[in-house]
file input.pdb (PDB, C-alpha atoms)
ATOM      1  CA  MET A   1      -4.439  11.129 -21.506  1.00  0.00           C
ATOM      2  CA  GLU A   2      -2.516  12.153 -24.612  1.00  0.00           C
ATOM      3  CA  HIS A   3      -1.586  10.138 -27.708  1.00  0.00           C
ATOM      4  CA  SER A   4       0.050  10.318 -31.103  1.00  0.00           C
ATOM      5  CA  GLU A   5      -1.975  11.364 -34.133  1.00  0.00           C
ATOM      6  CA  HIS A   6      -2.698   7.751 -34.987  1.00  0.00           C
ATOM      7  CA  ILE A   7      -2.887   4.812 -32.577  1.00  0.00           C
ATOM      8  CA  ASN A   8      -4.482   2.147 -34.773  1.00  0.00           C
ATOM      9  CA  GLU A   9      -1.467  -0.171 -34.820  1.00  0.00           C
ATOM     10  CA  LEU A  10      -0.712   0.450 -31.156  1.00  0.00           C
ATOM     11  CA  ALA A  11      -4.328  -0.362 -30.278  1.00  0.00           C
ATOM     12  CA  ALA A  12      -4.206  -3.592 -32.274  1.00  0.00           C
ATOM     13  CA  ALA A  13      -0.989  -4.634 -30.577  1.00  0.00           C
ATOM     14  CA  LEU A  14      -2.329  -3.733 -27.141  1.00  0.00           C
ATOM     15  CA  ALA A  15      -5.483  -5.769 -27.805  1.00  0.00           C
ATOM     16  CA  LYS A  16      -3.322  -8.822 -28.537  1.00  0.00           C
ATOM     17  CA  ALA A  17      -1.171  -8.190 -25.476  1.00  0.00           C
ATOM     18  CA  GLN A  18      -4.194  -7.807 -23.214  1.00  0.00           C
ATOM     19  CA  GLY A  19      -5.407 -11.198 -24.386  1.00  0.00           C
ATOM     20  CA  GLU A  20      -2.247 -12.640 -22.823  1.00  0.00           C
ATOM     21  CA  ILE A  21      -1.852 -10.390 -19.763  1.00  0.00           C
ATOM     22  CA  THR A  22      -2.831 -12.153 -16.569  1.00  0.00           C
ATOM     23  CA  GLY A  23      -3.929 -10.632 -13.284  1.00  0.00           C
ATOM     24  CA  ALA A  24      -1.084  -9.370 -11.118  1.00  0.00           C
ATOM     25  CA  LEU A  25      -0.205 -11.943  -8.473  1.00  0.00           C
ATOM     26  CA  LYS A  26      -1.240 -10.894  -4.967  1.00  0.00           C
ATOM     27  CA  ASP A  27       2.047 -11.916  -3.362  1.00  0.00           C
ATOM     28  CA  SER A  28       2.555  -9.047  -0.905  1.00  0.00           C
ATOM     29  CA  ALA A  29       0.989  -9.057   2.528  1.00  0.00           C
ATOM     30  CA  ASN A  30      -0.330  -6.277   4.724  1.00  0.00           C
ATOM     31  CA  PRO A  31       0.055  -7.681   8.267  1.00  0.00           C
ATOM     32  CA  PHE A  32      -2.612  -5.617  10.019  1.00  0.00           C
ATOM     33  CA  PHE A  33      -5.427  -6.116   7.527  1.00  0.00           C
ATOM     34  CA  LYS A  34      -7.076  -9.142   5.941  1.00  0.00           C
ATOM     35  CA  SER A  35      -5.490  -8.307   2.640  1.00  0.00           C
ATOM     36  CA  LYS A  36      -2.851  -8.998   0.071  1.00  0.00           C
ATOM     37  CA  TYR A  37      -1.885  -6.751  -2.783  1.00  0.00           C
ATOM     38  CA  ALA A  38       0.062  -6.868  -6.021  1.00  0.00           C
ATOM     39  CA  ASP A  39       3.327  -4.964  -5.734  1.00  0.00           C
ATOM     40  CA  LEU A  40       5.125  -3.219  -8.601  1.00  0.00           C
ATOM     41  CA  ALA A  41       7.219  -6.284  -9.462  1.00  0.00           C
ATOM     42  CA  ALA A  42       4.105  -8.472  -9.667  1.00  0.00           C
ATOM     43  CA  CYS A  43       2.420  -5.954 -11.969  1.00  0.00           C
ATOM     44  CA  TRP A  44       5.440  -5.981 -14.262  1.00  0.00           C
ATOM     45  CA  ASP A  45       5.564  -9.777 -14.205  1.00  0.00           C
ATOM     46  CA  ALA A  46       1.960  -9.818 -15.404  1.00  0.00           C
ATOM     47  CA  CYS A  47       2.568  -7.700 -18.502  1.00  0.00           C
ATOM     48  CA  ARG A  48       6.260  -7.551 -19.448  1.00  0.00           C
ATOM     49  CA  LYS A  49       6.322 -10.529 -21.826  1.00  0.00           C
ATOM     50  CA  PRO A  50       2.973  -9.865 -23.598  1.00  0.00           C
ATOM     51  CA  LEU A  51       3.913  -6.231 -24.160  1.00  0.00           C
ATOM     52  CA  SER A  52       7.380  -7.049 -25.477  1.00  0.00           C
ATOM     53  CA  GLU A  53       6.140  -9.797 -27.794  1.00  0.00           C
ATOM     54  CA  ASN A  54       3.694  -7.362 -29.388  1.00  0.00           C
ATOM     55  CA  GLY A  55       6.153  -4.528 -29.951  1.00  0.00           C
ATOM     56  CA  LEU A  56       5.028  -2.494 -26.947  1.00  0.00           C
ATOM     57  CA  ALA A  57       7.138  -0.865 -24.269  1.00  0.00           C
ATOM     58  CA  ILE A  58       6.534   1.225 -21.159  1.00  0.00           C
ATOM     59  CA  ILE A  59       8.657   4.228 -20.188  1.00  0.00           C
ATOM     60  CA  GLN A  60       8.066   5.867 -16.808  1.00  0.00           C
ATOM     61  CA  SER A  61       9.743   9.138 -15.901  1.00  0.00           C
ATOM     62  CA  PRO A  62       9.315  11.333 -12.798  1.00  0.00           C
ATOM     63  CA  GLU A  63       9.583  15.091 -13.206  1.00  0.00           C
ATOM     64  CA  VAL A  64       9.463  18.169 -10.987  1.00  0.00           C
ATOM     65  CA  ASN A  65       7.493  20.944 -12.677  1.00  0.00           C
ATOM     66  CA  ALA A  66       4.971  23.696 -11.937  1.00  0.00           C
ATOM     67  CA  GLU A  67       2.502  21.103 -10.656  1.00  0.00           C
ATOM     68  CA  GLY A  68       5.047  19.621  -8.281  1.00  0.00           C
ATOM     69  CA  LEU A  69       6.198  16.018  -8.678  1.00  0.00           C
ATOM     70  CA  THR A  70       4.593  14.102 -11.538  1.00  0.00           C
ATOM     71  CA  LEU A  71       5.086  10.724 -13.171  1.00  0.00           C
ATOM     72  CA  THR A  72       4.714  10.384 -16.936  1.00  0.00           C
ATOM     73  CA  THR A  73       3.972   6.873 -18.156  1.00  0.00           C
ATOM     74  CA  LEU A  74       4.448   6.386 -21.904  1.00  0.00           C
ATOM     75  CA  LEU A  75       3.177   3.338 -23.775  1.00  0.00           C
ATOM     76  CA  THR A  76       5.041   3.127 -27.064  1.00  0.00           C
ATOM     77  CA  HIS A  77       4.717   0.883 -30.106  1.00  0.00           C
ATOM     78  CA  SER A  78       7.418  -0.156 -32.554  1.00  0.00           C
ATOM     79  CA  THR A  79       5.695   1.976 -35.221  1.00  0.00           C
ATOM     80  CA  GLY A  80       6.322   5.102 -33.185  1.00  0.00           C
ATOM     81  CA  GLN A  81       2.713   5.454 -32.047  1.00  0.00           C
ATOM     82  CA  TRP A  82       2.254   6.251 -28.376  1.00  0.00           C
ATOM     83  CA  ILE A  83      -0.160   6.918 -25.511  1.00  0.00           C
ATOM     84  CA  LYS A  84       0.774   8.569 -22.247  1.00  0.00           C
ATOM     85  CA  ASN A  85      -0.750   9.528 -18.943  1.00  0.00           C
ATOM     86  CA  ILE A  86       0.501  11.873 -16.239  1.00  0.00           C
ATOM     87  CA  PHE A  87       0.109  10.990 -12.570  1.00  0.00           C
ATOM     88  CA  ARG A  88       0.489  13.776 -10.019  1.00  0.00           C
ATOM     89  CA  ILE A  89       2.386  12.599  -6.926  1.00  0.00           C
ATOM     90  CA  LEU A  90       1.782  13.983  -3.432  1.00  0.00           C
ATOM     91  CA  PRO A  91       4.361  12.468  -1.031  1.00  0.00           C
ATOM     92  CA  LYS A  92       3.420  12.462   2.657  1.00  0.00           C
ATOM     93  CA  ASP A  93       6.774  14.004   3.501  1.00  0.00           C
ATOM     94  CA  ASP A  94       9.589  15.584   1.503  1.00  0.00           C
ATOM     95  CA  THR A  95      12.250  12.989   2.308  1.00  0.00           C
ATOM     96  CA  PRO A  96      13.974  10.551  -0.051  1.00  0.00           C
ATOM     97  CA  GLN A  97      12.031   7.717   1.606  1.00  0.00           C
ATOM     98  CA  GLY A  98       8.704   9.518   1.368  1.00  0.00           C
ATOM     99  CA  VAL A  99       9.208  10.511  -2.260  1.00  0.00           C
ATOM    100  CA  GLY A 100      10.451   7.027  -3.182  1.00  0.00           C
ATOM    101  CA  SER A 101       7.438   5.350  -1.617  1.00  0.00           C
ATOM    102  CA  ALA A 102       4.993   7.694  -3.346  1.00  0.00           C
ATOM    103  CA  LEU A 103       6.766   7.224  -6.673  1.00  0.00           C
ATOM    104  CA  THR A 104       6.579   3.427  -6.416  1.00  0.00           C
ATOM    105  CA  TYR A 105       2.876   3.678  -5.625  1.00  0.00           C
ATOM    106  CA  ALA A 106       2.312   5.971  -8.623  1.00  0.00           C
ATOM    107  CA  ARG A 107       4.302   3.734 -10.967  1.00  0.00           C
ATOM    108  CA  ARG A 108       2.191   0.752 -10.007  1.00  0.00           C
ATOM    109  CA  TYR A 109      -1.153   2.447 -10.514  1.00  0.00           C
ATOM    110  CA  ALA A 110      -0.171   4.235 -13.722  1.00  0.00           C
ATOM    111  CA  LEU A 111       1.135   1.001 -15.244  1.00  0.00           C
ATOM    112  CA  THR A 112      -1.929  -1.072 -14.366  1.00  0.00           C
ATOM    113  CA  ALA A 113      -4.327   1.626 -15.575  1.00  0.00           C
ATOM    114  CA  LEU A 114      -2.574   2.131 -18.907  1.00  0.00           C
ATOM    115  CA  VAL A 115      -2.192  -1.512 -19.996  1.00  0.00           C
ATOM    116  CA  GLY A 116      -5.235  -2.984 -18.239  1.00  0.00           C
ATOM    117  CA  ILE A 117      -3.790  -5.144 -15.472  1.00  0.00           C
ATOM    118  CA  ALA A 118      -6.300  -6.367 -12.927  1.00  0.00           C
ATOM    119  CA  GLN A 119      -4.937  -6.246  -9.404  1.00  0.00           C
ATOM    120  CA  VAL A 120      -6.275  -6.632  -5.894  1.00  0.00           C
ATOM    121  CA  ASP A 121      -4.756  -3.877  -3.822  1.00  0.00           C
ATOM    122  CA  ASP A 122      -5.915  -3.099  -0.262  1.00  0.00           C
ATOM    123  CA  ASP A 123      -2.948  -0.979   0.739  1.00  0.00           C
ATOM    124  CA  GLY A 124      -5.239   2.084   0.881  1.00  0.00           C
ATOM    125  CA  ASN A 125      -7.247   0.691   3.800  1.00  0.00           C
ATOM    126  CA  ALA A 126      -6.200   3.379   6.225  1.00  0.00           C
ATOM    127  CA  ALA A 127      -7.375   6.161   3.957  1.00  0.00           C
ATOM    128  CA  SER A 128     -10.707   4.457   3.317  1.00  0.00           C
ATOM    129  CA  GLY A 129     -11.385   3.888   7.022  1.00  0.00           C
ATOM    130  CA  ARG A 130     -11.382   0.097   6.963  1.00  0.00           C
ATOM    131  CA  GLN A 131     -10.977  -1.309  10.478  1.00  0.00           C
ATOM    132  CA  ASN A 132      -8.426  -3.779  11.765  1.00  0.00           C
ATOM    133  CA  GLY A 133      -8.965  -7.486  11.475  1.00  0.00           C
ATOM    134  CA  ALA A 134      -6.892 -10.435  12.605  1.00  0.00           C
ATOM    135  CA  TYR A 135      -4.535 -11.325   9.797  1.00  0.00           C
ATOM    136  CA  SER A 136      -5.013 -15.028   9.196  1.00  0.00           C
ATOM    137  CA  GLU A 137      -1.723 -15.811   7.448  1.00  0.00           C
ATOM    138  CA  PRO A 138       1.868 -15.774   8.719  1.00  0.00           C
ATOM    139  CA  HIS A 139       3.455 -12.334   8.834  1.00  0.00           C
ATOM    140  CA  LYS A 140       5.651 -12.210   5.754  1.00  0.00           C
ATOM    141  CA  PRO A 141       6.109  -8.615   4.621  1.00  0.00           C
ATOM    142  CA  GLN A 142       6.909  -8.551   0.921  1.00  0.00           C
ATOM    143  CA  GLY A 143       6.765  -6.150  -1.941  1.00  0.00           C
ATOM    144  CA  ASP A 144       7.241  -2.416  -1.476  1.00  0.00           C
ATOM    145  CA  MET A 145       5.076  -1.769   1.600  1.00  0.00           C
ATOM    146  CA  GLY A 146       7.093  -0.417   4.524  1.00  0.00           C
ATOM    147  CA  LYS A 147      10.510  -0.777   2.905  1.00  0.00           C
ATOM    148  CA  SER A 148      11.018   2.961   2.530  1.00  0.00           C
ATOM    149  CA  VAL A 149      10.635   3.631   6.275  1.00  0.00           C
ATOM    150  CA  PRO A 150      13.947   4.230   8.109  1.00  0.00           C
ATOM    151  CA  THR A 151      14.773   1.358  10.465  1.00  0.00           C
ATOM    152  CA  ASP A 152      15.234   3.614  13.486  1.00  0.00           C
ATOM    153  CA  LEU A 153      11.768   5.135  12.975  1.00  0.00           C
ATOM    154  CA  ALA A 154      10.182   1.693  12.588  1.00  0.00           C
ATOM    155  CA  ARG A 155      11.893   0.510  15.784  1.00  0.00           C
ATOM    156  CA  ALA A 156      10.859   3.595  17.728  1.00  0.00           C
ATOM    157  CA  THR A 157       7.260   3.105  16.634  1.00  0.00           C
ATOM    158  CA  ALA A 158       7.362  -0.576  17.545  1.00  0.00           C
ATOM    159  CA  LEU A 159       8.748   0.314  20.984  1.00  0.00           C
ATOM    160  CA  ALA A 160       5.889   2.774  21.508  1.00  0.00           C
ATOM    161  CA  MET A 161       3.417   0.007  20.669  1.00  0.00           C
ATOM    162  CA  MET A 162       5.179  -2.403  23.039  1.00  0.00           C
ATOM    163  CA  SER A 163       5.112   0.132  25.864  1.00  0.00           C
ATOM    164  CA  ILE A 164       1.320   0.099  25.604  1.00  0.00           C
ATOM    165  CA  ILE A 165       1.113  -3.672  25.252  1.00  0.00           C
ATOM    166  CA  ASP A 166       3.386  -4.294  28.271  1.00  0.00           C
ATOM    167  CA  ALA A 167       1.980  -1.529  30.483  1.00  0.00           C
ATOM    168  CA  PRO A 168       0.920  -2.871  33.899  1.00  0.00           C
ATOM    169  CA  ALA A 169      -2.792  -3.151  34.616  1.00  0.00           C
ATOM    170  CA  ARG A 170      -4.319  -0.032  36.131  1.00  0.00           C
ATOM    171  CA  GLU A 171      -6.306  -0.190  39.318  1.00  0.00           C
ATOM    172  CA  GLY A 172      -9.871  -1.130  38.522  1.00  0.00           C
ATOM    173  CA  ASP A 173      -9.063  -1.947  34.892  1.00  0.00           C
ATOM    174  CA  HIS A 174      -9.367  -5.715  35.207  1.00  0.00           C
ATOM    175  CA  ASP A 175     -10.443  -6.264  31.623  1.00  0.00           C
ATOM    176  CA  GLU A 176      -7.729  -3.952  30.163  1.00  0.00           C
ATOM    177  CA  LYS A 177     -10.228  -1.632  28.501  1.00  0.00           C
ATOM    178  CA  LEU A 178      -8.225   1.447  29.462  1.00  0.00           C
ATOM    179  CA  LYS A 179      -5.080  -0.048  27.950  1.00  0.00           C
ATOM    180  CA  ALA A 180      -7.065  -0.975  24.861  1.00  0.00           C
ATOM    181  CA  MET A 181      -8.261   2.611  24.474  1.00  0.00           C
ATOM    182  CA  ASP A 182      -4.649   3.819  24.729  1.00  0.00           C
ATOM    183  CA  ALA A 183      -3.755   1.409  21.924  1.00  0.00           C
ATOM    184  CA  LEU A 184      -6.674   2.597  19.801  1.00  0.00           C
ATOM    185  CA  ASP A 185      -5.720   6.230  20.332  1.00  0.00           C
ATOM    186  CA  TYR A 186      -2.146   5.547  19.130  1.00  0.00           C
ATOM    187  CA  HIS A 187      -3.495   3.428  16.292  1.00  0.00           C
ATOM    188  CA  ASP A 188      -5.808   6.168  15.001  1.00  0.00           C
ATOM    189  CA  LYS A 189      -3.515   9.164  15.543  1.00  0.00           C
ATOM    190  CA  VAL A 190      -0.189   7.670  14.445  1.00  0.00           C
ATOM    191  CA  LEU A 191      -0.372   4.296  12.728  1.00  0.00           C
ATOM    192  CA  ASN A 192      -3.504   4.685  10.672  1.00  0.00           C
ATOM    193  CA  THR A 193      -2.232   7.951   9.210  1.00  0.00           C
ATOM    194  CA  ASP A 194       0.878   6.325   7.741  1.00  0.00           C
ATOM    195  CA  GLN A 195       0.411   2.730   6.702  1.00  0.00           C
ATOM    196  CA  GLU A 196       3.970   2.440   5.399  1.00  0.00           C
ATOM    197  CA  LEU A 197       5.104   3.101   8.960  1.00  0.00           C
ATOM    198  CA  TYR A 198       2.434   0.735  10.307  1.00  0.00           C
ATOM    199  CA  VAL A 199       3.753  -2.160   8.217  1.00  0.00           C
ATOM    200  CA  ALA A 200       7.404  -1.374   8.994  1.00  0.00           C
ATOM    201  CA  ALA A 201       6.703  -1.224  12.745  1.00  0.00           C
ATOM    202  CA  ALA A 202       4.803  -4.520  12.554  1.00  0.00           C
ATOM    203  CA  ASP A 203       7.890  -6.145  11.104  1.00  0.00           C
ATOM    204  CA  GLN A 204       9.775  -5.185  14.278  1.00  0.00           C
ATOM    205  CA  LEU A 205       7.312  -7.004  16.549  1.00  0.00           C
ATOM    206  CA  THR A 206       7.170 -10.678  17.396  1.00  0.00           C
ATOM    207  CA  ALA A 207       4.086 -12.649  16.394  1.00  0.00           C
ATOM    208  CA  SER A 208       2.832 -12.672  19.990  1.00  0.00           C
ATOM    209  CA  LYS A 209       3.197  -8.881  20.277  1.00  0.00           C
ATOM    210  CA  ARG A 210       1.358  -8.354  16.993  1.00  0.00           C
ATOM    211  CA  ASN A 211      -1.457 -10.580  18.187  1.00  0.00           C
ATOM    212  CA  ALA A 212      -1.559  -8.737  21.507  1.00  0.00           C
ATOM    213  CA  TRP A 213      -1.807  -5.396  19.704  1.00  0.00           C
ATOM    214  CA  LYS A 214      -4.613  -6.595  17.456  1.00  0.00           C
ATOM    215  CA  GLY A 215      -6.375  -7.989  20.508  1.00  0.00           C
ATOM    216  CA  LEU A 216      -6.246  -4.596  22.219  1.00  0.00           C
ATOM    217  CA  ILE A 217      -7.598  -2.832  19.139  1.00  0.00           C
ATOM    218  CA  ALA A 218     -10.432  -5.352  18.863  1.00  0.00           C
ATOM    219  CA  LEU A 219     -11.243  -4.892  22.557  1.00  0.00           C
ATOM    220  CA  ALA A 220     -11.321  -1.107  22.167  1.00  0.00           C
ATOM    221  CA  ARG A 221     -13.593  -1.319  19.136  1.00  0.00           C
ATOM    222  CA  LYS A 222     -15.942  -3.585  21.063  1.00  0.00           C
ATOM    223  CA  ALA A 223     -15.980  -1.197  24.025  1.00  0.00           C
ATOM    224  CA  GLU A 224     -16.784   1.707  21.695  1.00  0.00           C
ATOM    225  CA  LYS A 225     -19.741  -0.161  20.195  1.00  0.00           C
ATOM    226  CA  GLU A 226     -21.059  -1.083  23.632  1.00  0.00           C
ATOM    227  CA  SER A 227     -20.804   2.561  24.707  1.00  0.00           C
ATOM    228  CA  VAL A 228     -22.765   3.706  21.652  1.00  0.00           C
ATOM    229  CA  ARG A 229     -25.522   1.149  22.268  1.00  0.00           C
ATOM    230  CA  LYS A 230     -25.987   2.432  25.839  1.00  0.00           C
ATOM    231  CA  PHE A 231     -26.957   5.817  24.442  1.00  0.00           C
TER     232      PHE A 231
END
call {"tool": "encode", "arguments": {"input": "input.pdb", "output": "structure tokens"}}
result
Amino acid sequence: MEHSEHINELAAALAKAQGEITGALKDSANPFFKSKYADLAACWDACRKPLSENGLAIIQSPEVNAEGLTLTTLLTHSTGQWIKNIFRILPKDDTPQGVGSALTYARRYALTALVGIAQVDDDGNAASGRQNGAYSEPHKPQGDMGKSVPTDLARATALAMMSIIDAPAREGDHDEKLKAMDALDYHDKVLNTDQELYVAAADQLTASKRNAWKGLIALARKAEKESVRKF
């Protein structure tokens, strides 16, 4: 973090603003996990007015430099005092969609860290290894999750999931464990490596297909645990 020579007035203004800043509303849903998260708009809604009323402003600017793609977030005060942080961005792929998604993610985290917004954000579940759970609320994708994924890619992924869901029962596989393991393999190798894609594909499925997919994953997890206990 860097800052101007003096930040006394900025700090005083920020202290007043933080007394008014509320937690970011968890109004965005992740359909395959028991979670909601605060998207970028919700984070801004939580702080825009308190910052403005206390002479504070946020400037966020992406830049390509020797370190690659970075995001500079500058908190400025009407006196000219300032604090800034630099967030290095590592997009999953070098496409406009991939860069845009990573930039939105970086903007959200840099903003909340710099002004002190509390948020509940579980959109990193795949990276942390959290397992699937039945999502208890209606599927209403909101916020920025999945919106950067091209529609044709989301549809192709959804069709791949449906081909597993609708596959006929194999001989001797009366409890669909083999189908469930196929679903788990696709889940771990494709979906869980790109949650943006996971959410976008989910939006292409009907509620019954989503429930069927989650049922297969749950069955596969159960079969894995039973196999481990045998040994």
call {"tool": "resolve_selection", "arguments": {"input": "input.pdb", "expression": "the PyMOL selection byres ((chain A and resi 101) around 12)", "output": "compact mmCIF listing (two decimals) with C-alpha atoms, in the coordinates of the input"}}
result
# COMPACT_ATOMS: atom_id res chain seq x y z
CA ASP A 39 3.33 -4.96 -5.73
CA LEU A 40 5.12 -3.22 -8.60
CA ILE A 89 2.39 12.60 -6.93
CA LEU A 90 1.78 13.98 -3.43
CA PRO A 91 4.36 12.47 -1.03
CA LYS A 92 3.42 12.46 2.66
CA ASP A 93 6.77 14.00 3.50
CA ASP A 94 9.59 15.58 1.50
CA THR A 95 12.25 12.99 2.31
CA PRO A 96 13.97 10.55 -0.05
CA GLN A 97 12.03 7.72 1.61
CA GLY A 98 8.70 9.52 1.37
CA VAL A 99 9.21 10.51 -2.26
CA GLY A 100 10.45 7.03 -3.18
CA ALA A 102 4.99 7.69 -3.35
CA LEU A 103 6.77 7.22 -6.67
CA THR A 104 6.58 3.43 -6.42
CA TYR A 105 2.88 3.68 -5.62
CA ALA A 106 2.31 5.97 -8.62
CA ARG A 107 4.30 3.73 -10.97
CA ARG A 108 2.19 0.75 -10.01
CA GLY A 143 6.76 -6.15 -1.94
CA ASP A 144 7.24 -2.42 -1.48
CA MET A 145 5.08 -1.77 1.60
CA GLY A 146 7.09 -0.42 4.52
CA LYS A 147 10.51 -0.78 2.90
CA SER A 148 11.02 2.96 2.53
CA VAL A 149 10.64 3.63 6.28
CA PRO A 150 13.95 4.23 8.11
CA ASP A 194 0.88 6.32 7.74
CA GLN A 195 0.41 2.73 6.70
CA GLU A 196 3.97 2.44 5.40
CA LEU A 197 5.10 3.10 8.96
call {"tool": "closest_residue", "arguments": {"input": "input.pdb", "among": "A:Thr157, A:Ala220, A:Ile117, A:Pro168", "to": "Ala183 in chain A", "atoms": "only C-alpha atoms"}}
result
A:Ala220
call {"tool": "residues_around", "arguments": {"input": "input.pdb", "residues": "Ala201 in chain A", "least_positions_apart": "3", "cutoff": "12 Å", "atoms": "only C-alpha atoms", "output": "ChimeraX atom specification"}}
result
/A:30-32,141,145-162,187,190-192,194-198,204-206,209-210,213
call {"tool": "write_last_selection", "arguments": {"input": "input.pdb", "atoms": "C-alpha atoms", "output": "short mmCIF file (atom, residue, chain, number, x, y, z; two decimals), in the coordinates of the input"}}
result
data_model
loop_
_atom_site.label_atom_id
_atom_site.label_comp_id
_atom_site.auth_asym_id
_atom_site.auth_seq_id
_atom_site.Cartn_x
_atom_site.Cartn_y
_atom_site.Cartn_z
CA ASN A 30 -0.33 -6.28 4.72
CA PRO A 31 0.06 -7.68 8.27
CA PHE A 32 -2.61 -5.62 10.02
CA PRO A 141 6.11 -8.62 4.62
CA MET A 145 5.08 -1.77 1.60
CA GLY A 146 7.09 -0.42 4.52
CA LYS A 147 10.51 -0.78 2.90
CA SER A 148 11.02 2.96 2.53
CA VAL A 149 10.64 3.63 6.28
CA PRO A 150 13.95 4.23 8.11
CA THR A 151 14.77 1.36 10.46
CA ASP A 152 15.23 3.61 13.49
CA LEU A 153 11.77 5.14 12.98
CA ALA A 154 10.18 1.69 12.59
CA ARG A 155 11.89 0.51 15.78
CA ALA A 156 10.86 3.60 17.73
CA THR A 157 7.26 3.10 16.63
CA ALA A 158 7.36 -0.58 17.55
CA LEU A 159 8.75 0.31 20.98
CA ALA A 160 5.89 2.77 21.51
CA MET A 161 3.42 0.01 20.67
CA MET A 162 5.18 -2.40 23.04
CA HIS A 187 -3.50 3.43 16.29
CA VAL A 190 -0.19 7.67 14.44
CA LEU A 191 -0.37 4.30 12.73
CA ASN A 192 -3.50 4.68 10.67
CA ASP A 194 0.88 6.32 7.74
CA GLN A 195 0.41 2.73 6.70
CA GLU A 196 3.97 2.44 5.40
CA LEU A 197 5.10 3.10 8.96
CA TYR A 198 2.43 0.74 10.31
CA GLN A 204 9.78 -5.18 14.28
CA LEU A 205 7.31 -7.00 16.55
CA THR A 206 7.17 -10.68 17.40
CA LYS A 209 3.20 -8.88 20.28
CA ARG A 210 1.36 -8.35 16.99
CA TRP A 213 -1.81 -5.40 19.70
#
call {"tool": "atom_distance", "arguments": {"input": "input.pdb", "atom1": "CA of Leu10 in chain A", "atom2": "CA of Pro50 in chain A"}}
result
13.3 Å
call {"tool": "residues_around", "arguments": {"input": "input.pdb", "residues": "Gly55 in chain A", "least_positions_apart": "5", "cutoff": "8 Å", "atoms": "only C-alpha atoms", "output": "list in words"}}
result
Ala13, His77 and Ser78 of chain A
call {"tool": "residues_near_point", "arguments": {"input": "input.pdb", "point": "(5.1, -11.5, -30.5)", "cutoff": "12 Å", "atoms": "only C-alpha atoms", "output": "list in words"}}
result
Ala13, Leu14, Lys16, Ala17, Glu20, Arg48, Lys49, Pro50, Leu51, Ser52, Glu53, Asn54, Gly55, Leu56 and Ser78 of chain A
call {"tool": "resolve_selection", "arguments": {"input": "input.pdb", "expression": "the PyMOL selection byres ((chain A and resi 178) around 12)", "output": "short mmCIF file (atom, residue, chain, number, x, y, z; two decimals) with C-alpha atoms, keeping the file's coordinate frame"}}
result
data_model
loop_
_atom_site.label_atom_id
_atom_site.label_comp_id
_atom_site.auth_asym_id
_atom_site.auth_seq_id
_atom_site.Cartn_x
_atom_site.Cartn_y
_atom_site.Cartn_z
CA ILE A 164 1.32 0.10 25.60
CA ILE A 165 1.11 -3.67 25.25
CA ALA A 167 1.98 -1.53 30.48
CA PRO A 168 0.92 -2.87 33.90
CA ALA A 169 -2.79 -3.15 34.62
CA ARG A 170 -4.32 -0.03 36.13
CA GLU A 171 -6.31 -0.19 39.32
CA GLY A 172 -9.87 -1.13 38.52
CA ASP A 173 -9.06 -1.95 34.89
CA HIS A 174 -9.37 -5.72 35.21
CA ASP A 175 -10.44 -6.26 31.62
CA GLU A 176 -7.73 -3.95 30.16
CA LYS A 177 -10.23 -1.63 28.50
CA LYS A 179 -5.08 -0.05 27.95
CA ALA A 180 -7.06 -0.98 24.86
CA MET A 181 -8.26 2.61 24.47
CA ASP A 182 -4.65 3.82 24.73
CA ALA A 183 -3.76 1.41 21.92
CA LEU A 184 -6.67 2.60 19.80
CA ASP A 185 -5.72 6.23 20.33
CA LEU A 216 -6.25 -4.60 22.22
CA ILE A 217 -7.60 -2.83 19.14
CA LEU A 219 -11.24 -4.89 22.56
CA ALA A 220 -11.32 -1.11 22.17
CA ARG A 221 -13.59 -1.32 19.14
CA ALA A 223 -15.98 -1.20 24.02
CA GLU A 224 -16.78 1.71 21.70
#
call {"tool": "atom_distance", "arguments": {"input": "input.pdb", "atom1": "CA of Ile83 in chain A", "atom2": "CA of Met1 in chain A"}}
result
7.2 Å
call {"tool": "atom_distance", "arguments": {"input": "input.pdb", "atom1": "CA of Leu114 in chain A", "atom2": "CA of Asn65 in chain A"}}
result
22.2 Å
call {"tool": "resolve_selection", "arguments": {"input": "input.pdb", "expression": "the PyMOL selection byres ((chain A and resi 3) around 7)", "output": "ChimeraX atom specification"}}
result
/A:1-2,4-5,82-84
call {"tool": "closest_residue", "arguments": {"input": "input.pdb", "among": "A:Ala202, A:Leu111, A:Cys47, A:Ala57", "to": "Thr72 in chain A", "atoms": "only C-alpha atoms"}}
result
A:Leu111
call {"tool": "closest_residue", "arguments": {"input": "input.pdb", "among": "A:Gly68, A:Ala110, A:Ala212, A:Ala46", "to": "Ser163 in chain A", "atoms": "all atoms listed in the file"}}
result
A:Ala212
call {"tool": "closest_residue", "arguments": {"input": "input.pdb", "among": "A:Ser227, A:Asp188, A:Gln81, A:Asn211", "to": "Ala11 in chain A", "atoms": "all atoms listed in the file"}}
result
A:Gln81
call {"tool": "build_atoms", "arguments": {"input": "input.pdb", "residues": "range 53-57 of chain A", "atoms": "N, CA and C atoms", "output": "mmCIF file, keeping the file's coordinate frame"}}
result
data_model
loop_
_atom_site.group_PDB
_atom_site.id
_atom_site.type_symbol
_atom_site.label_atom_id
_atom_site.label_comp_id
_atom_site.auth_asym_id
_atom_site.auth_seq_id
_atom_site.Cartn_x
_atom_site.Cartn_y
_atom_site.Cartn_z
ATOM 1 N N GLU A 53 6.396 -8.937 -26.637
ATOM 2 C CA GLU A 53 6.140 -9.797 -27.794
ATOM 3 C C GLU A 53 5.257 -9.129 -28.836
ATOM 4 N N ASN A 54 4.568 -8.071 -28.443
ATOM 5 C CA ASN A 54 3.694 -7.362 -29.388
ATOM 6 C C ASN A 54 4.221 -5.973 -29.740
ATOM 7 N N GLY A 55 5.518 -5.772 -29.534
ATOM 8 C CA GLY A 55 6.153 -4.528 -29.951
ATOM 9 C C GLY A 55 5.813 -3.328 -29.092
ATOM 10 N N LEU A 56 5.420 -3.572 -27.850
ATOM 11 C CA LEU A 56 5.028 -2.494 -26.947
ATOM 12 C C LEU A 56 6.047 -2.343 -25.819
ATOM 13 N N ALA A 57 6.217 -1.131 -25.375
ATOM 14 C CA ALA A 57 7.138 -0.865 -24.269
ATOM 15 C C ALA A 57 6.576 0.242 -23.390
#
